[in-house]
Amino acid sequence: MSKLFIGLMSGTSVDSVDTVLIDLEEDNIQLIGSCSYPISGEIKQAVFSAVKSNSLSIEEISQLDEKMARVFIGAVQKILSKEKKDSKDIIAIGSHGQTIKHSPNSPNPFSLQVGEAKIIANSTKITTVTDFRSQDITAGGQGAPLTPIFHEKIFNTDQKKKVIVNIGGITNLTSIDPSNFVFGYDTGPGNCLMDIWSREHIKKDYDEEGNWAASGTSEEELLKIMLNDDYFKKNYPKSTGPDYFNLNWIYQAISKCERKFQPQDVQATLLQLTVKTLTEGLLELELDNDEIIFYCGGGLHNKYLMDQIEKELEREIFSTYELGVNPDYLEAISFAWFAKQRIDGRSFELSKITGSKGKVFLGTITEPSK
Ligand SMILES: Nc1ncnc2c1ncn2[C@@H]1O[C@H](COP(=O)(O)OP(=O)(O)O)[C@@H](O)[C@H]1O
Ligand SMILES: [Mg+2]
C-alpha cells in the first residue's frame, strides 16, 4: 500500500513553490512527481516588503497568511491533477510556509512563516503539517537548518563521509560522518543578496547563470568589510535569513568604503561573498579527496558561482543527482518526509544541529474541518 505525501517548499528566494508528490511506504522514499508552481509578481512584492518591514501590522500578516495559503493550494491542485490523484489518496501535506522573519537570536526568538494551515487543509481536504521551526526555537534551538536530519536519513547509507550543500536564498551545509554525529548550519547568504542587487539594478529576479557578476570585478575592500560581519565569526549552531542579509546590509557595507563602486562590481563581490563564506566552512571540515561535497538548490544553476566554488576548493562539483535526488526538489521532499514524522509521532534530538535541548516534535498538524 502506497503512502502518499505532498511536500511544498517556498524558500527565502520567493522564486516559486517547489512541489512534490512522494511515496513514503515503509520509509522508502520514492518521488512520484514534481512541479514548480509560480508565485505572482504582486505576491512576491508583498512578501519582499514584509521581509523588509520592521513594523508589520496584524492585518498585513493575516493578509499574507491567506494569500500564500491560496498559492500553496494552487500548487497542491497542480500536482494532484498532473499525477491524476485525488485528495483522498494523500495522507498529508508538509508545507514549509513562506518565511517572513527568522529571528532565533532576538530576546523573544521566533521564526514566522505564512500560508495559513487551516485554509490549506479546509480547501484541499488534506491533513496539513506546517510551522516546522517553532518548537525547536521554543526548546532553545535556532529552528534551522532542519534538513540535516533528512540528509542523514537518506544519504548516510554507504559508510562514507560526505557533505550536502544547499545554495538557496541562504546557504546551508550538512556534514555527514558515519563515525560522528551529523551537524549543519547556515554559512550565510546564498543567492539572496545577488537576487536583491539584480532586482535593484538590472530589474531581473536573478542574475542568469551569474553572467552579470562575471562582467564585473570583485572589490577587495568591500569584500573584506562584508566578511567582517559578526555572523561569519560565530560558531555553529547558527542560522540566518534575508531579513538580516538585505539591501540595507549591502548599502551599509558600501558606505564604509572610501571608493564608489559600479553595480556589476558589487554583484561580483556579492558572489565572492557567497563563495568565500561557504568554502571557508567546507575547508574547516578537512575532507579527504574521496569525501565528496554534493550540491543542491537554485545556486547550482548559477554557472559562474559554481565555477568560482570549484576554483576555490579545487574540487569537482557534484549535485545530489549523483545520489539519486533531483537537487531542485530535495528541500520539498524533506518537508513531505517531516510531515510524515510528525504524523507518526516521531521527535528529534537536534542539539548538534540547531542547539535545542531534549527531543523536539517538528511541525503542527491541522486537520480539515469535517
Ligand atoms: N539559471 C539561473 N541562473 C542563476 N541563478 C539561478 C538560476 N536559476 C535559479 N537561480 C537562483 O536560485 C534561486 C532559487 O533557489 P532555491 O533553491 O529555490 O532557493 P530558495 O530555497 O531560497 O527558494 C533563485 O532566486 C536564483 O537566485
Ligand atoms: Mg525556491
# chains A, B, ... in the order shown; residues from 1 in each chain; ligands from 1

$ select_by_dssp --residues "range 212-345 of chain A" --states "alpha helix (DSSP H)" --output "PyMOL selection string"
chain A and resi 212-214+220-227+230-233+247-255+263-283+303-313+330-343

$ residues_around --residues "range 240-242 of chain A" --least-positions-apart "3" --cutoff "12 Å" --atoms "only C-alpha atoms" --output "PyMOL selection string"
chain A and resi 11-14+47-53+98-106+110-112+142-145+168-172+185-196+230-232+234+236-237+245-250+354

$ closest_residue --among "A:Asn180, A:Ser123, A:Thr320, A:Asn166" --to "ligand 2" --atoms "only C-alpha atoms and all ligand atoms"
A:Asn166

$ atom_distance --atom1 "CA of Ser10 in chain A" --atom2 "CA of Glu66 in chain A"
15.0 Å

$ residues_around --residues "range 275-292 of chain A" --least-positions-apart "6" --cutoff "7 Å" --atoms "only C-alpha atoms" --output "list in words"
Lys160, Lys161, Lys162, Val163, Thr187, Gly188, Gln308, Ile309 and Leu313 of chain A

$ select_by_dssp --residues "range 149-328 of chain A" --states "strand (DSSP E or B)" --output "list in words"
Lys162, Val163, Ile164, Val165, Asn166, Ile167, Ile170, Thr171, Asn172, Leu173, Thr174, Ser175, Ile176, Phe183, Gly184, Tyr185, Asp186, Thr187, Gly188, Pro189, Ile292, Ile293, Phe294, Tyr295, Cys296, Phe318 and Ser319 of chain A

$ write_last_selection --atoms "C-alpha atoms" --output "compact mmCIF listing (two decimals), in the first residue's frame"
# COMPACT_ATOMS: atom_id res chain seq x y z
CA LYS A 162 30.14 13.44 2.76
CA VAL A 163 28.77 16.96 2.76
CA ILE A 164 25.47 18.28 1.39
CA VAL A 165 25.38 21.96 0.47
CA ASN A 166 22.10 23.72 -0.31
CA ILE A 167 22.51 27.06 -2.06
CA ILE A 170 20.68 31.31 2.22
CA THR A 171 23.39 28.63 2.03
CA ASN A 172 23.49 25.77 4.48
CA LEU A 173 25.77 22.78 4.78
CA THR A 174 25.32 19.35 6.36
CA SER A 175 28.28 17.26 7.43
CA ILE A 176 27.52 13.54 7.39
CA PHE A 183 25.74 18.65 12.10
CA GLY A 184 24.80 21.53 9.87
CA TYR A 185 24.39 25.28 9.84
CA ASP A 186 23.77 28.30 7.61
CA THR A 187 27.09 29.54 6.25
CA GLY A 188 25.50 32.86 5.22
CA PRO A 189 23.92 34.31 2.08
CA ILE A 292 32.53 14.29 -1.69
CA ILE A 293 30.54 17.52 -1.50
CA PHE A 294 27.10 17.26 -3.14
CA TYR A 295 25.25 20.47 -4.02
CA CYS A 296 21.55 21.25 -4.33
CA PHE A 318 28.72 17.15 -7.88
CA SER A 319 24.97 17.63 -7.44

$ closest_residue --among "A:Asn108, A:Gly363, A:Asp158, A:Ile39" --to "Arg346 in chain A" --atoms "only C-alpha atoms"
A:Gly363

$ atom_distance --atom1 "atom 12 (O, counted along the ligand's line) of ligand 1" --atom2 "CA of Lys78 in chain A"
21.8 Å

$ atom_distance --atom1 "CA of Ile120 in chain A" --atom2 "CA of Tyr244 in chain A"
29.0 Å

$ closest_residue --among "A:Met68, A:Ala121, A:Ala46, A:Met9" --to "ligand 2" --atoms "only C-alpha atoms and all ligand atoms"
A:Met9

$ decode --residues "range 340-364 of chain A" --atoms "N, CA, C and O atoms" --output "mmCIF file, in the first residue's frame"
data_model
loop_
_atom_site.group_PDB
_atom_site.id
_atom_site.type_symbol
_atom_site.label_atom_id
_atom_site.label_comp_id
_atom_site.auth_asym_id
_atom_site.auth_seq_id
_atom_site.Cartn_x
_atom_site.Cartn_y
_atom_site.Cartn_z
ATOM 1 N N LYS A 340 5.428 13.392 7.588
ATOM 2 C CA LYS A 340 5.159 12.003 7.995
ATOM 3 C C LYS A 340 5.704 11.738 9.397
ATOM 4 O O LYS A 340 5.061 11.072 10.210
ATOM 5 N N GLN A 341 6.889 12.245 9.674
ATOM 6 C CA GLN A 341 7.484 12.021 11.003
ATOM 7 C C GLN A 341 6.577 12.603 12.085
ATOM 8 O O GLN A 341 6.385 12.002 13.141
ATOM 9 N N ARG A 342 6.005 13.763 11.811
ATOM 10 C CA ARG A 342 5.137 14.422 12.811
ATOM 11 C C ARG A 342 3.873 13.604 13.020
ATOM 12 O O ARG A 342 3.436 13.393 14.149
ATOM 13 N N ILE A 343 3.308 13.131 11.907
ATOM 14 C CA ILE A 343 2.075 12.347 11.995
ATOM 15 C C ILE A 343 2.335 11.017 12.698
ATOM 16 O O ILE A 343 1.524 10.539 13.490
ATOM 17 N N ASP A 344 3.503 10.444 12.456
ATOM 18 C CA ASP A 344 3.869 9.185 13.128
ATOM 19 C C ASP A 344 4.300 9.408 14.577
ATOM 20 O O ASP A 344 4.661 8.455 15.273
ATOM 21 N N GLY A 345 4.342 10.652 15.013
ATOM 22 C CA GLY A 345 4.677 10.949 16.413
ATOM 23 C C GLY A 345 6.160 10.820 16.728
ATOM 24 O O GLY A 345 6.544 10.549 17.864
ATOM 25 N N ARG A 346 7.002 11.028 15.723
ATOM 26 C CA ARG A 346 8.449 10.919 15.937
ATOM 27 C C ARG A 346 9.036 12.285 16.294
ATOM 28 O O ARG A 346 8.731 13.286 15.645
ATOM 29 N N SER A 347 9.871 12.296 17.333
ATOM 30 C CA SER A 347 10.535 13.550 17.704
ATOM 31 C C SER A 347 12.035 13.402 17.444
ATOM 32 O O SER A 347 12.537 12.295 17.244
ATOM 33 N N PHE A 348 12.748 14.517 17.468
ATOM 34 C CA PHE A 348 14.166 14.506 17.091
ATOM 35 C C PHE A 348 15.043 15.200 18.118
ATOM 36 O O PHE A 348 14.637 16.177 18.739
ATOM 37 N N GLU A 349 16.257 14.670 18.213
ATOM 38 C CA GLU A 349 17.272 15.269 19.061
ATOM 39 C C GLU A 349 18.131 16.137 18.145
ATOM 40 O O GLU A 349 18.808 15.627 17.254
ATOM 41 N N LEU A 350 18.069 17.440 18.345
ATOM 42 C CA LEU A 350 18.720 18.342 17.388
ATOM 43 C C LEU A 350 19.844 19.174 18.004
ATOM 44 O O LEU A 350 20.254 20.179 17.423
ATOM 45 N N SER A 351 20.317 18.742 19.173
ATOM 46 C CA SER A 351 21.270 19.600 19.894
ATOM 47 C C SER A 351 22.520 19.920 19.076
ATOM 48 O O SER A 351 23.057 21.017 19.169
ATOM 49 N N LYS A 352 22.959 18.974 18.244
ATOM 50 C CA LYS A 352 24.187 19.207 17.474
ATOM 51 C C LYS A 352 23.916 19.982 16.175
ATOM 52 O O LYS A 352 24.844 20.355 15.466
ATOM 53 N N ILE A 353 22.658 20.176 15.849
ATOM 54 C CA ILE A 353 22.341 20.876 14.604
ATOM 55 C C ILE A 353 21.819 22.287 14.908
ATOM 56 O O ILE A 353 22.415 23.274 14.505
ATOM 57 N N THR A 354 20.711 22.334 15.637
ATOM 58 C CA THR A 354 20.119 23.651 15.908
ATOM 59 C C THR A 354 20.474 24.166 17.303
ATOM 60 O O THR A 354 20.247 25.333 17.602
ATOM 61 N N GLY A 355 20.961 23.257 18.159
ATOM 62 C CA GLY A 355 21.320 23.660 19.519
ATOM 63 C C GLY A 355 20.172 23.559 20.511
ATOM 64 O O GLY A 355 20.291 24.003 21.657
ATOM 65 N N SER A 356 19.038 22.966 20.091
ATOM 66 C CA SER A 356 17.913 22.859 21.024
ATOM 67 C C SER A 356 18.174 21.754 22.044
ATOM 68 O O SER A 356 19.065 20.923 21.861
ATOM 69 N N LYS A 357 17.384 21.767 23.112
ATOM 70 C CA LYS A 357 17.579 20.779 24.185
ATOM 71 C C LYS A 357 16.432 19.783 24.210
ATOM 72 O O LYS A 357 15.278 20.167 24.062
ATOM 73 N N GLY A 358 16.771 18.524 24.401
ATOM 74 C CA GLY A 358 15.748 17.482 24.500
ATOM 75 C C GLY A 358 15.199 17.107 23.137
ATOM 76 O O GLY A 358 15.675 17.565 22.109
ATOM 77 N N LYS A 359 14.203 16.225 23.181
ATOM 78 C CA LYS A 359 13.611 15.785 21.908
ATOM 79 C C LYS A 359 12.508 16.755 21.483
ATOM 80 O O LYS A 359 11.717 17.198 22.315
ATOM 81 N N VAL A 360 12.468 17.030 20.192
ATOM 82 C CA VAL A 360 11.556 18.058 19.698
ATOM 83 C C VAL A 360 10.670 17.481 18.582
ATOM 84 O O VAL A 360 11.158 16.787 17.690
ATOM 85 N N PHE A 361 9.370 17.780 18.669
ATOM 86 C CA PHE A 361 8.465 17.461 17.561
ATOM 87 C C PHE A 361 8.540 18.606 16.560
ATOM 88 O O PHE A 361 8.495 19.770 16.953
ATOM 89 N N LEU A 362 8.638 18.268 15.295
ATOM 90 C CA LEU A 362 8.739 19.323 14.286
ATOM 91 C C LEU A 362 7.427 19.429 13.516
ATOM 92 O O LEU A 362 7.050 18.504 12.804
ATOM 93 N N GLY A 363 6.750 20.550 13.683
ATOM 94 C CA GLY A 363 5.521 20.781 12.918
ATOM 95 C C GLY A 363 4.267 20.719 13.763
ATOM 96 O O GLY A 363 4.259 20.174 14.871
ATOM 97 N N THR A 364 3.210 21.309 13.215
ATOM 98 C CA THR A 364 1.894 21.310 13.850
ATOM 99 C C THR A 364 0.918 20.702 12.855
ATOM 100 O O THR A 364 0.938 21.061 11.667
#
